[in-house]
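Asker: Input file: query22.txt. Contents: compact mmCIF, C-alpha atoms.
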```txt
# COMPACT_ATOMS: atom_id res chain seq x y z
CA MET A 1 -157.24 -75.55 -167.79
CA GLN A 2 -155.60 -78.79 -168.76
CA GLN A 3 -153.07 -78.61 -171.56
CA SER A 4 -152.96 -81.85 -173.49
CA GLY A 5 -155.25 -82.56 -176.41
CA GLY A 6 -158.31 -84.74 -176.41
CA THR A 7 -158.96 -87.72 -174.22
CA ALA A 8 -155.70 -88.94 -172.76
CA GLY A 9 -154.86 -92.46 -173.79
CA ALA A 10 -157.85 -92.80 -176.10
CA GLU A 11 -157.45 -94.19 -179.59
CA ALA A 12 -160.15 -92.94 -181.95
CA ALA A 13 -161.76 -95.27 -184.44
CA ARG A 14 -160.79 -94.53 -188.04
CA SER A 15 -163.47 -93.42 -190.46
CA GLY A 16 -164.32 -95.90 -193.20
CA ARG A 17 -165.12 -93.46 -196.02
CA VAL A 18 -165.34 -89.69 -195.94
CA LEU A 19 -167.50 -87.59 -198.26
CA ALA A 20 -165.70 -84.25 -198.54
CA LEU A 21 -167.02 -80.99 -199.98
CA SER A 22 -164.51 -78.17 -200.42
CA SER A 23 -162.32 -76.34 -202.92
CA GLN A 24 -159.80 -78.12 -205.10
CA VAL A 25 -156.58 -76.80 -206.64
CA ALA A 26 -154.65 -78.27 -209.56
CA PHE A 27 -151.29 -77.30 -208.04
CA GLY A 28 -150.46 -77.23 -204.36
CA HIS A 29 -152.14 -78.59 -201.25
CA VAL A 30 -155.17 -76.68 -200.00
CA GLY A 31 -158.83 -77.70 -199.74
CA LEU A 32 -159.51 -81.14 -201.13
CA SER A 33 -156.02 -81.21 -202.61
CA ALA A 34 -154.77 -81.31 -199.02
CA ALA A 35 -157.52 -83.39 -197.45
CA VAL A 36 -157.58 -86.21 -200.01
CA PRO A 37 -153.87 -87.23 -199.88
CA VAL A 38 -153.85 -86.94 -196.09
CA LEU A 39 -156.92 -89.15 -195.68
CA GLN A 40 -155.67 -91.68 -198.21
CA ARG A 41 -152.21 -91.84 -196.59
CA LEU A 42 -153.92 -92.73 -193.30
CA GLY A 43 -155.87 -95.51 -195.00
CA VAL A 44 -159.21 -93.67 -195.14
CA ALA A 45 -161.17 -93.79 -198.40
CA VAL A 46 -162.50 -90.41 -199.52
CA THR A 47 -165.02 -89.19 -202.09
CA PRO A 48 -164.18 -85.57 -203.03
CA LEU A 49 -166.87 -83.19 -204.29
CA PRO A 50 -165.20 -79.92 -205.40
CA THR A 51 -167.22 -76.76 -204.78
CA VAL A 52 -164.77 -74.60 -206.71
CA MET A 53 -161.80 -75.57 -208.88
CA LEU A 54 -158.70 -73.40 -209.03
CA SER A 55 -155.30 -73.53 -210.65
CA ASN A 56 -153.70 -72.82 -207.25
CA HIS A 57 -154.30 -71.02 -203.97
CA PRO A 58 -155.56 -67.47 -204.71
CA GLY A 59 -152.76 -66.01 -202.60
CA TRP A 60 -150.40 -66.44 -205.54
CA PRO A 61 -150.11 -63.65 -208.18
CA HIS A 62 -152.01 -65.57 -210.85
CA VAL A 63 -155.01 -67.84 -210.44
CA ALA A 64 -157.75 -69.28 -212.62
CA ALA A 65 -160.95 -70.48 -210.95
CA HIS A 66 -164.33 -71.98 -211.75
CA ARG A 67 -167.17 -72.35 -209.26
CA VAL A 68 -168.84 -75.74 -209.62
CA PRO A 69 -172.61 -75.24 -210.05
CA VAL A 70 -174.74 -76.60 -207.23
CA GLU A 71 -176.91 -78.52 -209.69
CA ASP A 72 -173.82 -80.35 -210.97
CA LEU A 73 -172.84 -81.36 -207.44
CA ARG A 74 -176.39 -82.45 -206.69
CA GLY A 75 -176.30 -84.62 -209.81
CA MET A 76 -173.04 -86.20 -208.66
CA VAL A 77 -174.59 -87.04 -205.29
CA GLU A 78 -177.62 -88.53 -207.02
CA GLY A 79 -175.32 -90.62 -209.19
CA LEU A 80 -173.51 -91.95 -206.12
CA ALA A 81 -176.86 -92.80 -204.54
CA ARG A 82 -178.22 -94.61 -207.59
CA ASN A 83 -175.08 -96.72 -207.76
CA GLY A 84 -175.51 -97.67 -204.11
CA TRP A 85 -172.35 -95.86 -202.99
CA LEU A 86 -173.63 -92.83 -201.09
CA ALA A 87 -174.67 -94.78 -197.99
CA ARG A 88 -171.18 -96.30 -197.71
CA HIS A 89 -169.90 -93.04 -196.19
CA ASP A 90 -169.74 -92.78 -192.42
CA THR A 91 -168.32 -89.23 -192.27
CA VAL A 92 -169.05 -85.94 -194.03
CA LEU A 93 -166.37 -83.22 -194.08
CA THR A 94 -167.28 -79.72 -195.25
CA GLY A 95 -164.75 -77.01 -196.03
CA TYR A 96 -164.89 -74.12 -198.49
CA LEU A 97 -168.49 -73.45 -199.55
CA PRO A 98 -168.56 -70.32 -201.74
CA SER A 99 -172.29 -69.51 -201.69
CA ALA A 100 -175.39 -69.98 -199.58
CA ALA A 101 -176.64 -72.42 -202.20
CA HIS A 102 -173.51 -74.57 -201.69
CA VAL A 103 -174.13 -74.52 -197.95
CA GLU A 104 -177.72 -75.62 -198.51
CA LEU A 105 -176.46 -78.43 -200.73
CA ALA A 106 -174.11 -79.61 -197.96
CA ALA A 107 -177.00 -79.57 -195.47
CA TRP A 108 -179.13 -81.57 -197.93
CA VAL A 109 -176.36 -84.16 -198.35
CA ILE A 110 -176.01 -84.52 -194.57
CA ASP A 111 -179.74 -84.95 -194.05
CA ARG A 112 -180.00 -87.45 -196.90
CA LEU A 113 -177.10 -89.53 -195.61
CA ARG A 114 -178.37 -89.56 -192.04
CA LYS A 115 -181.51 -91.36 -193.20
CA ASP A 116 -179.35 -94.35 -194.20
CA VAL A 117 -176.42 -93.85 -191.82
CA PRO A 118 -177.89 -92.95 -188.40
CA ASP A 119 -174.45 -92.73 -186.76
CA LEU A 120 -173.05 -90.47 -189.49
CA ARG A 121 -170.33 -88.15 -188.19
CA VAL A 122 -170.24 -84.59 -189.54
CA VAL A 123 -167.08 -82.48 -189.35
CA VAL A 124 -167.59 -78.84 -190.33
CA ASP A 125 -164.58 -76.68 -191.09
CA PRO A 126 -166.35 -73.29 -191.29
CA VAL A 127 -164.10 -71.59 -193.82
CA LEU A 128 -165.19 -67.98 -193.37
CA GLY A 129 -162.14 -65.77 -193.04
CA ASP A 130 -159.25 -64.81 -190.82
CA SER A 131 -157.81 -61.87 -188.94
CA PRO A 132 -157.05 -59.16 -190.00
CA LYS A 133 -158.66 -59.67 -193.45
CA GLY A 134 -162.10 -60.57 -192.12
CA LEU A 135 -164.62 -62.55 -194.15
CA TYR A 136 -163.41 -63.89 -197.47
CA ILE A 137 -166.63 -65.57 -198.50
CA ASP A 138 -170.02 -64.05 -199.25
CA ALA A 139 -171.76 -62.86 -196.07
CA ALA A 140 -174.89 -64.84 -197.01
CA ALA A 141 -172.80 -68.01 -197.28
CA ALA A 142 -171.20 -67.32 -193.90
CA ALA A 143 -174.61 -66.78 -192.31
CA ALA A 144 -175.90 -70.03 -193.86
CA ILE A 145 -172.95 -71.94 -192.39
CA ARG A 146 -173.94 -70.61 -188.97
CA THR A 147 -177.64 -71.43 -189.29
CA GLU A 148 -177.60 -74.55 -191.49
CA LEU A 149 -174.36 -76.41 -190.83
CA LEU A 150 -173.52 -75.74 -187.19
CA PRO A 151 -176.75 -77.40 -185.96
CA ARG A 152 -175.88 -80.48 -188.04
CA ALA A 153 -172.23 -80.72 -186.94
CA ASP A 154 -170.71 -83.21 -184.54
CA ILE A 155 -167.32 -81.47 -184.65
CA VAL A 156 -166.39 -77.97 -185.84
CA THR A 157 -162.85 -76.72 -186.49
CA PRO A 158 -162.95 -72.90 -186.74
CA ASN A 159 -160.00 -70.60 -186.35
CA LEU A 160 -160.16 -67.89 -183.72
CA TYR A 161 -161.65 -65.27 -186.05
CA GLU A 162 -164.29 -67.73 -187.30
CA LEU A 163 -165.30 -68.66 -183.76
CA GLY A 164 -165.78 -65.00 -182.91
CA TRP A 165 -167.82 -64.40 -186.05
CA LEU A 166 -170.02 -67.44 -185.48
CA THR A 167 -170.72 -66.68 -181.82
CA GLY A 168 -170.41 -62.89 -181.65
CA LEU A 169 -168.35 -63.36 -178.48
CA TYR A 170 -164.98 -62.07 -177.33
CA THR A 171 -162.24 -64.64 -178.02
CA GLU A 172 -158.96 -62.89 -177.23
CA THR A 173 -157.98 -65.13 -174.29
CA VAL A 174 -157.92 -68.88 -173.86
CA ARG A 175 -160.65 -68.77 -171.23
CA CYS A 176 -162.92 -66.52 -173.31
CA THR A 177 -162.34 -68.77 -176.31
CA ALA A 178 -163.39 -71.82 -174.29
CA GLU A 179 -166.53 -70.06 -173.10
CA ALA A 180 -167.43 -68.99 -176.64
CA ALA A 181 -166.83 -72.48 -178.04
CA GLN A 182 -169.04 -73.96 -175.34
CA GLY A 183 -172.01 -72.21 -176.93
CA LEU A 184 -171.61 -73.92 -180.31
CA GLY A 185 -173.49 -76.97 -179.04
CA CYS A 186 -171.04 -79.56 -180.38
CA ARG A 187 -167.42 -80.56 -179.94
CA ALA A 188 -165.19 -77.74 -181.16
CA MET A 189 -161.49 -77.65 -181.94
CA ILE A 190 -160.41 -74.02 -182.19
CA THR A 191 -157.19 -73.31 -184.08
CA SER A 192 -154.86 -70.28 -183.86
CA VAL A 193 -155.64 -69.63 -180.19
CA PRO A 194 -153.09 -67.16 -178.76
CA VAL A 195 -151.27 -68.63 -175.78
CA SER A 196 -148.17 -66.44 -175.45
CA ASP A 197 -145.96 -64.24 -177.61
CA GLY A 198 -144.13 -67.26 -178.98
CA SER A 199 -146.85 -69.87 -179.10
CA ILE A 200 -150.37 -70.59 -180.28
CA GLY A 201 -152.65 -73.51 -179.55
CA VAL A 202 -155.56 -75.66 -180.57
CA LEU A 203 -158.29 -75.72 -177.96
CA GLU A 204 -160.77 -78.59 -177.77
CA VAL A 205 -164.08 -77.92 -176.02
CA GLY A 206 -167.09 -80.20 -175.78
CA PRO A 207 -170.78 -79.35 -175.30
CA GLU A 208 -170.98 -80.96 -171.88
CA ALA A 209 -171.23 -78.61 -168.92
CA GLY A 210 -168.24 -80.21 -167.26
CA ASP A 211 -166.09 -79.72 -170.35
CA ALA A 212 -166.24 -75.93 -170.35
CA ALA A 213 -162.56 -75.53 -169.48
CA GLY A 214 -161.45 -77.54 -172.49
CA THR A 215 -158.06 -79.02 -173.30
CA LEU A 216 -155.22 -77.27 -175.09
CA VAL A 217 -152.36 -78.35 -177.32
CA GLU A 218 -149.74 -75.62 -177.45
CA THR A 219 -147.34 -75.25 -180.40
CA ALA A 220 -144.65 -72.76 -181.39
CA ARG A 221 -145.69 -69.77 -183.49
CA LEU A 222 -143.75 -70.23 -186.76
CA ASP A 223 -143.13 -68.16 -189.86
CA GLY A 224 -142.95 -69.62 -193.35
CA VAL A 225 -145.78 -72.13 -192.96
CA PRO A 226 -147.48 -72.79 -196.35
CA HIS A 227 -151.22 -72.50 -196.89
CA GLY A 228 -153.42 -75.51 -196.19
CA VAL A 229 -152.65 -76.33 -192.56
CA GLY A 230 -156.29 -75.84 -191.54
CA ASP A 231 -157.47 -78.13 -194.33
CA VAL A 232 -155.05 -80.83 -193.21
CA PHE A 233 -156.15 -80.46 -189.59
CA SER A 234 -159.85 -80.87 -190.38
CA ALA A 235 -159.04 -83.89 -192.57
CA LEU A 236 -157.09 -85.49 -189.74
CA ILE A 237 -160.04 -84.99 -187.40
CA ALA A 238 -162.41 -86.39 -190.06
CA SER A 239 -160.18 -89.45 -190.33
CA GLY A 240 -160.90 -90.26 -186.69
CA CYS A 241 -157.71 -88.88 -185.13
CA THR A 242 -157.90 -87.56 -181.60
CA LEU A 243 -156.60 -84.03 -181.12
CA ARG A 244 -153.29 -85.35 -179.74
CA GLU A 245 -152.89 -87.66 -182.75
CA ALA A 246 -153.83 -84.95 -185.25
CA MET A 247 -151.37 -82.47 -183.77
CA GLY A 248 -148.60 -85.06 -183.85
CA HIS A 249 -149.13 -85.59 -187.57
CA LEU A 250 -149.60 -81.88 -188.28
CA SER A 251 -146.54 -80.75 -186.33
CA ALA A 252 -144.34 -83.16 -188.27
CA LEU A 253 -145.81 -82.01 -191.59
CA ILE A 254 -145.28 -78.34 -190.72
CA ALA A 255 -141.68 -78.99 -189.69
CA ALA A 256 -141.05 -80.67 -193.05
CA SER A 257 -142.73 -77.85 -195.00
CA LEU A 258 -141.28 -74.67 -193.46
CA GLY A 259 -140.14 -72.28 -196.17
CA ALA A 260 -141.60 -74.35 -199.01
CA ASP A 261 -144.10 -72.92 -201.49
CA HIS A 262 -146.62 -75.64 -200.61
CA LEU A 263 -147.12 -78.22 -197.90
CA ARG A 264 -144.88 -81.24 -198.51
CA ILE A 265 -147.68 -83.73 -197.93
CA VAL A 266 -146.43 -86.31 -200.41
CA GLU A 267 -142.69 -85.82 -200.03
CA SER A 268 -142.72 -86.07 -196.23
CA ALA A 269 -145.55 -88.61 -195.88
CA PRO A 270 -143.43 -91.37 -194.30
CA ASP A 271 -142.46 -88.98 -191.49
CA TRP A 272 -145.71 -87.13 -190.72
CA ALA A 273 -147.87 -90.25 -191.08
CA ALA A 274 -145.71 -92.09 -188.54
CA ALA A 275 -145.52 -89.21 -186.06
CA ALA A 276 -146.56 -90.01 -182.51
CA PRO A 277 -149.38 -88.18 -180.73
CA VAL A 278 -148.44 -85.00 -178.91
CA PRO A 279 -147.63 -86.08 -175.33
CA PRO A 280 -150.03 -84.92 -172.61
CA LYS A 281 -148.97 -82.10 -170.32
CA SER A 282 -150.77 -80.28 -167.60
CA CYS A 283 -150.72 -76.73 -166.35
CA ALA A 284 -153.10 -74.34 -164.69
CA ARG A 285 -154.70 -71.64 -166.86
```
As structure tokens - that is how I would like this structure written.
Answerer:
Amino acid sequence: MQQSGGTAGAEAARSGRVLALSSQVAFGHVGLSAAVPVLQRLGVAVTPLPTVMLSNHPGWPHVAAHRVPVEDLRGMVEGLARNGWLARHDTVLTGYLPSAAHVELAAWVIDRLRKDVPDLRVVVDPVLGDSPKGLYIDAAAAAAIRTELLPRADIVTPNLYELGWLTGLYTETVRCTAEAAQGLGCRAMITSVPVSDGSIGVLEVGPEAGDAAGTLVETARLDGVPHGVGDVFSALIASGCTLREAMGHLSALIAASLGADHLRIVESAPDWAAAAPVPPKSCAR
């Protein structure tokens, strides 16, 4: 297996405007509250549609939350369309979708946009759960993501647990993870892949038969990383970053945020936004 990250030497084209559906917090940087400042800092316009609004990440002792009704979101999309703005988006990013109805809404938005934007790019971050907690969304919503969103995705960014849940396949080694990701039918970037005791990786696998081995970016396993890293990663990919570019930005942001309550997206923006792509390496796996 080649360890690098994406197509060596390639510079991805930046998205023009991203339509993003996910959670939003008033304080902190997770969901849209992570994706929006990251996309804007990279010069990408973004239209956020919050599926649920929270005071903060629910991992904190106190949280207030309100699920945004699907009919309200549908009305917002219709308003964008009537003003002539919906078709200006060239990318859709989906994140936290709390119910099957929210998943169906996301699928409807994708289908509607593709009628006007044939080369629309769809990035699905299938926010389902993590190990060892398991699913932390409704099982019907998780099943709808598998049946409704995966077939519409150009790129998916699951963590290791989510890949296993979506495919039903063993994912405890890098090679097994690559084989499982191959079955998704689109380009996949799998996060939290175990590489060794002290490191984890992000594995990129494409749907082509010759891409089954995938490419891997290996990073140190760190403690004290705030919530929201996955949301930032999917936003970076939605912006048009290659895997090497995204991991360069993300590694710099993590280094600046270790031990903090929340990701220091704003405070460290000059550093993480200017970070170079992760350099290519090669090794046999």
Asker: Which one of A:Thr157, A:Asn56, A:Ser22, A:Asn83 sits closest to A:Leu236 if you count all atoms listed in the file?
Answerer: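 Checking each candidate against A:Leu236, we get A:Thr157 as the closest.
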Asker: Here is a test: counting all atoms listed in the file, which residue of A:Leu39, A:Ala100, A:Leu149, A:Ala139 is nearest to A:Ala238?
Answerer: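 When distances to A:Ala238 are compared using all atoms listed in the file, the smallest one comes from A:Leu39.
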Asker: Name the closest residue to A:Glu218 among the candidates A:Trp272, A:Ala181, A:Pro279, A:Leu120; distances are taken between atoms, counting all atoms listed in the file.
Answerer: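 Ranked by minimum distance to A:Glu218, first place goes to A:Pro279.
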Asker: Excluding A:His102 and its own-chain neighbours fewer than 4 positions away, which residues fall within 10 Å of it when counting only C-alpha atoms? Please give them as a ChimeraX atom specification.
Answerer: /A:21-22,51,68-71,73-74,96-98,106-108,141,144-145
Asker: Between A:Arg146, A:Lys133, A:Arg121, A:Arg88, single out the one closest to A:Val46, counting only C-alpha atoms.
Answerer: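 Closest residue, counting only C-alpha atoms: A:Arg88.
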Asker: Given the point (-160.9, -68.6, -187.0) in the coordinates of this file, which residues lie within 10 Å, counting only C-alpha atoms, and how would they look as a list in words?
Answerer: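 Selection result: Asp125, Pro126, Val127, Leu128, Gly129, Asp130, Ser131, Gly134, Thr157, Pro158, Asn159, Leu160, Tyr161, Glu162, Leu163, Gly164, Trp165, Leu166, Thr171, Ile190, Thr191, Ser192, Val193 and Gly230 of chain A.
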Asker: Hey, which of A:Arg41, A:Leu105, A:Ala26, A:Ala81 ends up closest to A:Ala65? Count only C-alpha atoms.
Answerer: A:Ala26
Asker: Taking 6 positions as the minimum chain separation for residues in the same chain, which residues sit within 9 Å of A:Val278 when counting all atoms listed in the file? Answer as a CSV table (one decimal) with C-alpha atoms, in the coordinates of the input.
Answerer:
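Now in result_10.csv:
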```csv
chain,number,residue,atom,x,y,z
A,4,SER,CA,-153.0,-81.8,-173.5
A,5,GLY,CA,-155.2,-82.6,-176.4
A,217,VAL,CA,-152.4,-78.4,-177.3
A,243,LEU,CA,-156.6,-84.0,-181.1
A,244,ARG,CA,-153.3,-85.4,-179.7
A,245,GLU,CA,-152.9,-87.7,-182.8
A,246,ALA,CA,-153.8,-85.0,-185.2
A,247,MET,CA,-151.4,-82.5,-183.8
A,248,GLY,CA,-148.6,-85.1,-183.8
A,249,HIS,CA,-149.1,-85.6,-187.6
A,251,SER,CA,-146.5,-80.8,-186.3
```
Asker: Atom CA of A:Val109 to atom CA of A:Tyr136: how many Å, to one decimal?
Answerer: 24.1 Å
Asker: Considering only C-alpha atoms, state which residue in the set A:Leu184, A:Val123, A:Val18, A:Val225 is at the smallest distance from A:Leu86.
Answerer: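 Among the listed residues, A:Val18 lies closest to A:Leu86.
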Asker: Find the distance between atom CA of A:Gly43 and atom CA of A:Leu216 and write it in Å to one decimal.
Answerer: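 Value for the atom CA of A:Gly43-atom CA of A:Leu216 distance: 27.0 Å.
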Asker: Please measure the separation of atom CA of A:Gly28 and atom CA of A:Asp231, giving the value in Å to one decimal.
Answerer: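 Computed distance, atom CA of A:Gly28 to atom CA of A:Asp231, equals 12.3 Å.
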Asker: Within 7 Å of (-175.0, -79.8, -180.1), in the coordinates the file gives, what residues turn up when you count all atoms listed in the file, written out as a list in words?
Answerer: Pro151, Leu184, Gly185, Cys186 and Pro207 of chain A
Asker: Compile the contact shell of A:Asp116 as a VMD selection string: residues with an atom at most 12 Å away, counting all atoms listed in the file, same-chain residues fewer than 2 positions apart removed.
Answerer: chain A and resid 81 84 to 90 109 to 114 118 to 120
